[in-house]
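J.: The file below is coords04.cif, mmCIF, C-alpha atoms:
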```cif
data_entry
loop_
_atom_site.group_PDB
_atom_site.id
_atom_site.type_symbol
_atom_site.label_atom_id
_atom_site.label_comp_id
_atom_site.auth_asym_id
_atom_site.auth_seq_id
_atom_site.Cartn_x
_atom_site.Cartn_y
_atom_site.Cartn_z
ATOM 1 C CA MET A 206 -176.540 -38.422 -94.785
ATOM 2 C CA THR A 207 -175.369 -35.113 -93.328
ATOM 3 C CA CYS A 208 -176.215 -31.662 -94.656
ATOM 4 C CA ASP A 209 -172.664 -31.438 -95.944
ATOM 5 C CA ALA A 210 -173.197 -34.562 -98.031
ATOM 6 C CA TYR A 211 -176.537 -33.274 -99.369
ATOM 7 C CA GLN A 212 -174.993 -29.937 -100.241
ATOM 8 C CA LYS A 213 -172.401 -31.744 -102.311
ATOM 9 C CA LEU A 214 -175.268 -33.098 -104.415
ATOM 10 C CA LEU A 215 -176.687 -29.648 -105.170
ATOM 11 C CA SER A 216 -174.111 -28.858 -107.837
ATOM 12 C CA ALA A 217 -174.758 -32.094 -109.719
ATOM 13 C CA TRP A 218 -178.515 -31.554 -109.377
ATOM 14 C CA LEU A 219 -178.138 -28.154 -111.036
ATOM 15 C CA ASP A 220 -176.224 -29.845 -113.857
ATOM 16 C CA ARG A 221 -178.883 -32.585 -114.163
ATOM 17 C CA GLU A 222 -176.268 -35.187 -113.370
ATOM 18 C CA LEU A 223 -177.884 -36.877 -110.360
ATOM 19 C CA SER A 224 -179.265 -40.371 -110.457
ATOM 20 C CA GLY A 225 -182.998 -40.752 -109.790
ATOM 21 C CA PHE A 226 -182.277 -42.150 -106.360
ATOM 22 C CA GLU A 227 -179.963 -39.260 -105.421
ATOM 23 C CA GLU A 228 -182.461 -36.701 -106.666
ATOM 24 C CA GLN A 229 -185.258 -38.260 -104.661
ATOM 25 C CA ALA A 230 -183.190 -38.272 -101.484
ATOM 26 C CA LEU A 231 -182.067 -34.682 -102.027
ATOM 27 C CA CYS A 232 -185.583 -33.348 -102.649
ATOM 28 C CA ALA A 233 -186.860 -35.103 -99.534
ATOM 29 C CA HIS A 234 -184.083 -33.488 -97.505
ATOM 30 C CA LEU A 235 -184.653 -29.994 -98.954
ATOM 31 C CA ASP A 236 -188.309 -30.202 -97.938
ATOM 32 C CA HIS A 237 -187.377 -29.858 -94.286
ATOM 33 C CA CYS A 238 -183.865 -28.307 -94.200
ATOM 34 C CA PRO A 239 -183.809 -24.478 -94.479
ATOM 35 C CA LEU A 240 -179.998 -24.390 -94.406
ATOM 36 C CA CYS A 241 -179.659 -26.610 -97.467
ATOM 37 C CA ARG A 242 -182.519 -24.777 -99.166
ATOM 38 C CA ALA A 243 -180.628 -21.510 -98.681
ATOM 39 C CA THR A 244 -177.499 -23.085 -100.169
ATOM 40 C CA TRP A 245 -179.550 -24.314 -103.118
ATOM 41 C CA GLN A 246 -180.907 -20.810 -103.681
ATOM 42 C CA ALA A 247 -177.390 -19.352 -103.587
ATOM 43 C CA THR A 248 -176.206 -22.027 -106.032
ATOM 44 C CA ARG A 249 -179.024 -21.156 -108.409
ATOM 45 C CA HIS A 250 -178.340 -17.428 -108.150
ATOM 46 C CA LEU A 251 -174.678 -18.018 -108.847
ATOM 47 C CA GLN A 252 -175.543 -20.007 -111.950
ATOM 48 C CA GLU A 253 -177.874 -17.222 -113.113
ATOM 49 C CA ARG A 254 -175.003 -14.740 -112.800
ATOM 50 C CA VAL A 255 -172.723 -17.065 -114.754
ATOM 51 C CA ASP A 256 -175.355 -17.578 -117.459
ATOM 52 C CA ASN A 257 -175.736 -13.812 -117.793
ATOM 53 C CA LEU A 258 -172.058 -13.244 -118.523
ATOM 54 C CA GLN A 259 -171.600 -11.688 -121.914
ATOM 55 C CA GLU A 260 -169.872 -13.914 -124.397
ATOM 56 C CA PRO A 261 -166.508 -12.388 -125.300
ATOM 57 C CA GLU A 262 -165.893 -11.585 -128.936
ATOM 58 C CA PRO A 263 -162.621 -12.919 -130.349
ATOM 59 C CA PRO A 264 -160.589 -9.997 -131.663
ATOM 60 C CA PRO A 265 -160.332 -9.912 -135.478
ATOM 61 C CA GLU A 266 -156.523 -9.827 -135.306
ATOM 62 C CA LEU A 267 -156.395 -13.367 -133.887
ATOM 63 C CA TRP A 268 -156.313 -15.030 -137.319
ATOM 64 C CA GLU A 269 -153.792 -12.477 -138.644
ATOM 65 C CA ARG A 270 -151.459 -13.255 -135.774
ATOM 66 C CA ILE A 271 -151.743 -16.983 -136.378
ATOM 67 C CA GLU A 272 -151.097 -16.561 -140.112
ATOM 68 C CA ARG A 273 -148.065 -14.363 -139.493
ATOM 69 C CA LYS A 274 -146.644 -16.874 -137.075
ATOM 70 C CA LEU A 275 -147.198 -19.782 -139.467
ATOM 71 C CA ALA A 276 -145.591 -17.865 -142.318
ATOM 72 C CA SER A 277 -142.595 -16.596 -140.366
ATOM 73 C CA ALA A 278 -141.764 -19.782 -138.499
ATOM 74 C CA GLN A 279 -142.754 -22.074 -141.375
ATOM 75 C CA ILE A 280 -144.615 -24.228 -138.919
ATOM 76 C CA LEU A 281 -145.822 -27.281 -140.761
ATOM 77 C CA PRO A 282 -148.095 -30.096 -139.699
ATOM 78 C CA GLU A 283 -146.090 -33.116 -138.684
ATOM 79 C CA GLU A 284 -145.143 -34.987 -141.824
ATOM 80 C CA TRP A 285 -146.528 -38.403 -142.544
ATOM 81 C CA ILE A 286 -144.124 -41.293 -143.014
ATOM 82 C CA VAL A 287 -144.696 -44.829 -144.219
ATOM 83 C CA THR A 288 -143.541 -47.800 -142.198
ATOM 84 C CA ALA A 289 -142.135 -51.039 -143.556
ATOM 85 C CA ARG A 290 -145.604 -52.543 -143.182
ATOM 86 C CA GLY A 291 -147.269 -49.741 -145.053
ATOM 87 C CA ARG A 292 -148.730 -47.990 -141.971
ATOM 88 C CA MET A 293 -148.882 -44.219 -141.976
ATOM 89 C CA LEU A 294 -147.533 -42.581 -138.852
ATOM 90 C CA THR A 295 -146.625 -39.047 -137.833
ATOM 91 C CA GLN A 296 -142.926 -38.362 -137.429
ATOM 92 C CA THR A 297 -143.213 -38.427 -133.666
ATOM 93 C CA GLU A 298 -144.858 -41.833 -133.663
ATOM 94 C CA GLY A 299 -142.362 -43.138 -136.179
ATOM 95 C CA ALA A 300 -139.388 -41.955 -134.172
ATOM 96 C CA ARG A 301 -140.871 -43.635 -131.145
ATOM 97 C CA GLN A 302 -141.388 -46.934 -132.867
ATOM 98 C CA CYS A 303 -138.148 -46.770 -134.929
ATOM 99 C CA LEU A 304 -139.986 -48.300 -137.818
ATOM 100 C CA SER A 305 -139.700 -45.488 -140.324
ATOM 101 C CA ILE A 306 -137.956 -45.821 -143.641
ATOM 102 C CA PRO A 307 -137.288 -42.953 -146.026
ATOM 103 C CA LEU A 308 -139.487 -43.057 -149.109
ATOM 104 C CA ASN A 309 -136.484 -42.656 -151.459
ATOM 105 C CA ARG A 310 -134.074 -44.995 -149.802
ATOM 106 C CA PRO A 311 -131.197 -45.833 -152.156
ATOM 107 C CA ALA A 312 -130.877 -49.512 -153.011
ATOM 108 C CA LEU A 313 -128.214 -51.412 -151.119
ATOM 109 C CA HIS A 314 -125.567 -53.016 -153.267
ATOM 110 C CA SER A 315 -124.110 -56.326 -152.192
ATOM 111 C CA ARG A 316 -120.358 -56.464 -151.793
ATOM 112 C CA ASN A 317 -118.225 -58.794 -153.872
ATOM 113 C CA MET B 160 -168.840 -25.197 -132.294
ATOM 114 C CA GLN B 161 -169.721 -25.606 -135.952
ATOM 115 C CA SER B 162 -169.147 -29.067 -137.342
ATOM 116 C CA VAL B 163 -166.236 -29.770 -139.660
ATOM 117 C CA ASP B 164 -166.438 -32.525 -142.248
ATOM 118 C CA ILE B 165 -163.918 -35.323 -142.500
ATOM 119 C CA ALA B 166 -162.619 -34.100 -145.872
ATOM 120 C CA THR B 167 -161.645 -30.774 -144.311
ATOM 121 C CA ILE B 168 -159.838 -32.547 -141.480
ATOM 122 C CA HIS B 169 -157.914 -34.751 -143.916
ATOM 123 C CA ALA B 170 -157.032 -31.759 -146.086
ATOM 124 C CA CYS B 171 -155.757 -29.916 -143.035
ATOM 125 C CA GLN B 172 -153.705 -32.941 -142.066
ATOM 126 C CA ARG B 173 -152.085 -32.771 -145.494
ATOM 127 C CA GLY B 174 -151.136 -29.141 -144.886
ATOM 128 C CA ASN B 175 -153.962 -27.369 -146.717
ATOM 129 C CA ARG B 176 -154.107 -23.857 -145.280
ATOM 130 C CA ASP B 177 -157.674 -23.171 -146.391
ATOM 131 C CA ALA B 178 -158.809 -26.284 -144.567
ATOM 132 C CA PHE B 179 -157.030 -25.093 -141.428
ATOM 133 C CA ARG B 180 -158.810 -21.745 -141.813
ATOM 134 C CA ARG B 181 -162.157 -23.545 -141.962
ATOM 135 C CA ILE B 182 -161.335 -25.407 -138.760
ATOM 136 C CA TYR B 183 -160.295 -22.111 -137.203
ATOM 137 C CA GLU B 184 -163.591 -20.471 -138.227
ATOM 138 C CA ALA B 185 -165.537 -23.386 -136.773
ATOM 139 C CA CYS B 186 -163.960 -23.231 -133.346
ATOM 140 C CA HIS B 187 -162.204 -19.926 -132.682
ATOM 141 C CA ARG B 188 -165.092 -18.460 -130.688
ATOM 142 C CA LYS B 189 -165.219 -21.392 -128.298
ATOM 143 C CA VAL B 190 -161.447 -21.478 -127.938
ATOM 144 C CA TYR B 191 -161.249 -17.765 -127.214
ATOM 145 C CA THR B 192 -164.149 -17.952 -124.758
ATOM 146 C CA LEU B 193 -162.454 -20.768 -122.871
ATOM 147 C CA ALA B 194 -159.176 -18.833 -122.676
ATOM 148 C CA TYR B 195 -160.977 -15.647 -121.669
ATOM 149 C CA ARG B 196 -163.092 -17.281 -118.990
ATOM 150 C CA TYR B 197 -159.949 -18.881 -117.587
ATOM 151 C CA THR B 198 -157.920 -15.668 -117.430
ATOM 152 C CA ASN B 199 -160.460 -12.835 -117.416
ATOM 153 C CA ASP B 200 -157.900 -10.918 -119.465
ATOM 154 C CA SER B 201 -158.417 -10.199 -123.165
ATOM 155 C CA GLU B 202 -154.701 -9.879 -123.979
ATOM 156 C CA GLU B 203 -153.843 -13.086 -122.173
ATOM 157 C CA ALA B 204 -156.752 -14.834 -123.899
ATOM 158 C CA LEU B 205 -155.549 -13.601 -127.293
ATOM 159 C CA ASP B 206 -152.035 -14.927 -126.669
ATOM 160 C CA LEU B 207 -153.381 -18.238 -125.437
ATOM 161 C CA SER B 208 -155.771 -18.603 -128.363
ATOM 162 C CA GLN B 209 -152.926 -18.010 -130.809
ATOM 163 C CA GLU B 210 -150.823 -20.631 -129.043
ATOM 164 C CA ILE B 211 -153.713 -23.092 -129.038
ATOM 165 C CA PHE B 212 -154.285 -22.786 -132.774
ATOM 166 C CA LEU B 213 -150.603 -23.115 -133.552
ATOM 167 C CA ARG B 214 -150.616 -26.348 -131.566
ATOM 168 C CA ILE B 215 -153.731 -27.537 -133.361
ATOM 169 C CA HIS B 216 -151.986 -26.861 -136.657
ATOM 170 C CA THR B 217 -148.907 -28.820 -135.588
ATOM 171 C CA LYS B 218 -150.711 -31.714 -133.957
ATOM 172 C CA ILE B 219 -153.698 -32.291 -136.213
ATOM 173 C CA ALA B 220 -151.890 -35.000 -138.146
ATOM 174 C CA GLY B 221 -152.156 -37.075 -134.981
ATOM 175 C CA PHE B 222 -155.942 -36.807 -134.795
ATOM 176 C CA ARG B 223 -157.320 -40.251 -135.549
ATOM 177 C CA GLY B 224 -161.031 -39.610 -135.160
ATOM 178 C CA GLU B 225 -161.111 -41.456 -131.844
ATOM 179 C CA CYS B 226 -163.350 -38.671 -130.560
ATOM 180 C CA ALA B 227 -165.188 -35.707 -132.036
ATOM 181 C CA LEU B 228 -162.904 -33.012 -133.412
ATOM 182 C CA GLU B 229 -164.459 -30.577 -130.950
ATOM 183 C CA THR B 230 -163.404 -32.748 -128.006
ATOM 184 C CA TRP B 231 -159.897 -33.048 -129.408
ATOM 185 C CA VAL B 232 -159.672 -29.274 -129.914
ATOM 186 C CA TYR B 233 -160.777 -28.710 -126.333
ATOM 187 C CA ARG B 234 -158.161 -31.162 -125.090
ATOM 188 C CA VAL B 235 -155.451 -29.270 -126.941
ATOM 189 C CA ALA B 236 -156.863 -26.000 -125.626
ATOM 190 C CA THR B 237 -157.022 -27.080 -121.977
ATOM 191 C CA ASN B 238 -153.542 -28.623 -122.079
ATOM 192 C CA THR B 239 -152.137 -25.487 -123.678
ATOM 193 C CA ILE B 240 -153.804 -23.231 -121.130
ATOM 194 C CA ILE B 241 -152.572 -25.274 -118.183
ATOM 195 C CA SER B 242 -148.968 -25.514 -119.382
ATOM 196 C CA ALA B 243 -148.748 -21.937 -120.646
ATOM 197 C CA LEU B 244 -150.033 -20.370 -117.474
ATOM 198 C CA ARG B 245 -147.882 -22.556 -115.258
ATOM 199 C CA LYS B 246 -144.805 -21.431 -117.180
ATOM 200 C CA SER B 247 -145.665 -17.765 -117.005
ATOM 201 C CA ARG B 248 -145.433 -15.460 -114.030
ATOM 202 C CA PRO B 249 -147.226 -16.653 -110.910
ATOM 203 C CA HIS B 250 -150.667 -15.399 -109.948
ATOM 204 C CA GLU B 251 -151.139 -11.791 -110.715
ATOM 205 C CA GLN B 252 -154.361 -10.032 -110.289
ATOM 206 C CA LEU B 253 -155.896 -10.513 -113.685
ATOM 207 C CA THR B 254 -158.468 -7.833 -113.969
ATOM 208 C CA GLU B 255 -160.459 -6.668 -116.886
ATOM 209 C CA LYS B 256 -160.746 -2.928 -117.269
ATOM 210 C CA ILE B 257 -164.286 -1.778 -117.239
ATOM 211 C CA GLU B 258 -164.914 0.013 -120.511
ATOM 212 C CA THR B 259 -165.674 3.647 -120.008
ATOM 213 C CA HIS B 260 -168.952 4.765 -121.389
ATOM 214 C CA PRO B 261 -168.505 7.600 -123.908
ATOM 215 C CA ASP B 262 -171.736 9.256 -122.891
ATOM 216 C CA THR B 263 -171.287 11.947 -120.277
ATOM 217 C CA ALA B 264 -174.689 11.363 -118.701
ATOM 218 C CA PRO B 265 -174.569 9.429 -115.416
ATOM 219 C CA LEU B 266 -175.270 5.748 -115.852
ATOM 220 C CA PRO B 267 -178.277 4.184 -114.181
ATOM 221 C CA GLU B 268 -177.359 2.632 -110.871
ATOM 222 C CA VAL B 269 -178.807 -0.709 -111.933
ATOM 223 C CA TYR B 270 -176.509 -0.744 -114.970
ATOM 224 C CA LEU B 271 -173.480 0.042 -112.828
ATOM 225 C CA GLU B 272 -174.392 -2.653 -110.337
ATOM 226 C CA ASP B 273 -174.869 -5.196 -113.109
ATOM 227 C CA ARG B 274 -171.536 -4.273 -114.659
ATOM 228 C CA GLU B 275 -169.786 -4.484 -111.340
ATOM 229 C CA THR B 276 -171.405 -7.826 -110.578
ATOM 230 C CA GLU B 277 -170.350 -9.178 -113.949
ATOM 231 C CA GLN B 278 -166.768 -8.059 -113.354
ATOM 232 C CA ARG B 279 -166.791 -9.640 -109.902
ATOM 233 C CA VAL B 280 -168.120 -12.932 -111.220
ATOM 234 C CA LYS B 281 -165.536 -13.032 -114.014
ATOM 235 C CA GLN B 282 -162.779 -12.135 -111.579
ATOM 236 C CA ALA B 283 -163.884 -14.780 -109.101
ATOM 237 C CA ILE B 284 -163.889 -17.476 -111.796
ATOM 238 C CA ALA B 285 -160.389 -16.447 -112.919
ATOM 239 C CA GLU B 286 -159.220 -16.696 -109.310
ATOM 240 C CA LEU B 287 -160.487 -20.217 -108.742
ATOM 241 C CA PRO B 288 -157.709 -22.718 -108.034
ATOM 242 C CA GLU B 289 -156.367 -24.093 -111.306
ATOM 243 C CA SER B 290 -157.492 -27.593 -110.471
ATOM 244 C CA LEU B 291 -161.112 -26.426 -110.246
ATOM 245 C CA ARG B 292 -161.249 -23.689 -112.831
ATOM 246 C CA LEU B 293 -161.292 -25.608 -116.095
ATOM 247 C CA ALA B 294 -163.820 -28.126 -114.831
ATOM 248 C CA PHE B 295 -166.066 -25.265 -113.732
ATOM 249 C CA VAL B 296 -165.732 -23.392 -117.034
ATOM 250 C CA LEU B 297 -166.460 -26.482 -119.116
ATOM 251 C CA VAL B 298 -169.488 -27.545 -117.066
ATOM 252 C CA ALA B 299 -171.042 -24.420 -115.566
ATOM 253 C CA VAL B 300 -170.149 -21.896 -118.251
ATOM 254 C CA GLU B 301 -170.226 -24.051 -121.364
ATOM 255 C CA HIS B 302 -172.825 -26.555 -120.076
ATOM 256 C CA ARG B 303 -170.936 -29.629 -121.136
ATOM 257 C CA PRO B 304 -172.012 -32.954 -119.642
ATOM 258 C CA TYR B 305 -169.733 -34.410 -116.979
ATOM 259 C CA THR B 306 -168.721 -37.276 -119.263
ATOM 260 C CA GLU B 307 -167.537 -34.877 -121.942
ATOM 261 C CA ALA B 308 -165.684 -32.639 -119.484
ATOM 262 C CA ALA B 309 -164.056 -35.750 -118.014
ATOM 263 C CA ASP B 310 -162.957 -36.848 -121.495
ATOM 264 C CA ILE B 311 -161.499 -33.413 -122.265
ATOM 265 C CA LEU B 312 -159.672 -33.108 -118.963
ATOM 266 C CA GLY B 313 -158.552 -36.714 -118.742
ATOM 267 C CA LEU B 314 -160.372 -37.195 -115.421
ATOM 268 C CA ARG B 315 -162.998 -39.524 -114.051
ATOM 269 C CA VAL B 316 -166.579 -38.288 -114.015
ATOM 270 C CA LYS B 317 -166.546 -38.426 -110.218
ATOM 271 C CA ALA B 318 -163.533 -36.083 -110.156
ATOM 272 C CA VAL B 319 -165.271 -33.602 -112.466
ATOM 273 C CA ARG B 320 -168.382 -33.677 -110.273
ATOM 274 C CA MET B 321 -166.318 -33.018 -107.171
ATOM 275 C CA ARG B 322 -164.294 -30.203 -108.759
ATOM 276 C CA VAL B 323 -167.366 -28.413 -110.076
ATOM 277 C CA SER B 324 -169.052 -28.727 -106.676
ATOM 278 C CA ARG B 325 -165.991 -27.321 -104.898
ATOM 279 C CA ALA B 326 -165.704 -24.514 -107.423
ATOM 280 C CA ARG B 327 -169.311 -23.515 -106.797
ATOM 281 C CA LYS B 328 -168.771 -23.639 -103.054
ATOM 282 C CA THR B 329 -165.738 -21.343 -103.404
ATOM 283 C CA LEU B 330 -167.632 -18.947 -105.653
ATOM 284 C CA ARG B 331 -170.687 -18.867 -103.375
ATOM 285 C CA SER B 332 -168.415 -17.796 -100.587
ATOM 286 C CA SER B 333 -166.469 -15.149 -102.504
ATOM 287 C CA LEU B 334 -169.544 -13.727 -104.261
ATOM 288 C CA GLN B 335 -171.960 -13.893 -101.353
ATOM 289 C CA PRO B 336 -172.925 -10.182 -101.320
ATOM 290 C CA TYR B 337 -173.791 -10.359 -105.016
ATOM 291 C CA LEU B 338 -175.861 -13.490 -104.615
ATOM 292 C CA ASP B 339 -177.935 -12.125 -101.779
ATOM 293 C CA GLU B 340 -179.541 -9.604 -104.119
ATOM 294 C CA GLY B 341 -182.900 -10.739 -105.393
ATOM 295 C CA LYS B 342 -182.949 -13.716 -103.061
ATOM 296 C CA ASP B 343 -186.114 -15.743 -103.336
ATOM 297 C CA HIS B 344 -188.015 -16.151 -100.152
ATOM 298 C CA ASP B 345 -190.322 -18.810 -101.480
ATOM 299 C CA MET B 346 -189.341 -22.386 -102.196
#
```
Show me, as structure tokens, the structure contained in the file I just sent.

T.:
Amino acid sequence: MTCDAYQKLLSAWLDRELSGFEEQALCAHLDHCPLCRATWQATRHLQERVDNLQEPEPPPELWERIERKLASAQILPEEWIVTARGRMLTQTEGARQCLSIPLNRPALHSRN
Amino acid sequence: MQSVDIATIHACQRGNRDAFRRIYEACHRKVYTLAYRYTNDSEEALDLSQEIFLRIHTKIAGFRGECALETWVYRVATNTIISALRKSRPHEQLTEKIETHPDTAPLPEVYLEDRETEQRVKQAIAELPESLRLAFVLVAVEHRPYTEAADILGLRVKAVRMRVSRARKTLRSSLQPYLDEGKDHDM
């Protein structure tokens, strides 16, 4: 394997996503490759910087904005409908399958 | 993300607003963090978070429990982020203003350097190519396993691994001066 290939393993090693075999091969390579060791160090330092990022605080007005939008637009969850076989589907699914029947369908009268 | 019980999910699916509020409380921090890490802009993140929750409210009836609610929420969030930002104006420099310190005394140099480094790191993440950014945020920022990130993004695990690796390579390059500080000399 080339250094380029080993360096592609470094990210997964940091994430603990390497197989045992891959990890063994990578560690053996790092033991005698200063270039890849330097890349590993930079990868670790980068991750440390990322881990030190402050978690952003959601602004308190987020919920108010959502509530206002729901109230003004009268956004409702998709309604449930019942199929001829008694399955419950959302309106989108029902429209797709063309199986929906209204719950209060008027009875059909036979013609004389 | 706090867990939400099945009764709350069902109540929300029937249109119960209190149940939707409980789902919001359980996941709004994670949703906002994802949007913020993606854009590095608090206003943009606020708009996106609002859009995400409106979509959750509309679509929750379609949640069948085929995965954890958290995974489903993240799927909605990532899809919303991708489509919303593609529709909006093309790449602008999304920068976060550094808050000014009210104290008139000069700030310690170390503090300033740390603040600047943090801004640079956030900026660099927000400037990653779209195809790499979400995978990087889910894995490297939120520490999700590759399988979970793959499930959320609708990708294979191998694709997630490759995207995260490429994202790190891009960030190592763009942030090199900031990574050279405090370099270890021992192995």

J.: Given the choices B:Asn175, B:Gln161, B:Gln278, B:Thr217, which gets closest to chain A if the distance is worked out from all atoms listed in the file?

T.: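 Residue with the minimum atom-to-atom distance to chain A: B:Thr217.
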
J.: Point out the residue among A:Leu258, A:Met206, A:Leu240, A:Leu251 with the least atom-to-atom distance to B:Lys328, counting only C-alpha atoms.

T.: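 Nearest to B:Lys328: A:Leu251.
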
J.: Provide the atom CA of B:Val319 to atom CA of B:Lys218 distance in Å, to one decimal place.

T.: 26.0 Å

J.: What are the centre and edge lengths in Å, to one decimal, of the axis-aligned box around all listed atoms of stretch 297-305 of chain B with 5 Å added on each side, as lines of an AutoDock Vina configuration file?

T.:
```
center_x = -169.6
center_y = -28.2
center_z = -118.5
size_x = 16.4
size_y = 22.5
size_z = 15.8
```

J.: Work out how far apart atom CA of B:Met160 and atom CA of B:Leu330 are and give it in Å to one decimal.

T.: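 Taking atom CA of B:Met160 as the start and atom CA of B:Leu330 as the end point, the length is 27.4 Å.
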
J.: Report, in Å to a single decimal, how far apart atom CA of A:Gln212 and atom CA of A:Cys238 are.

T.: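 Distance between the two atoms: 10.9 Å.
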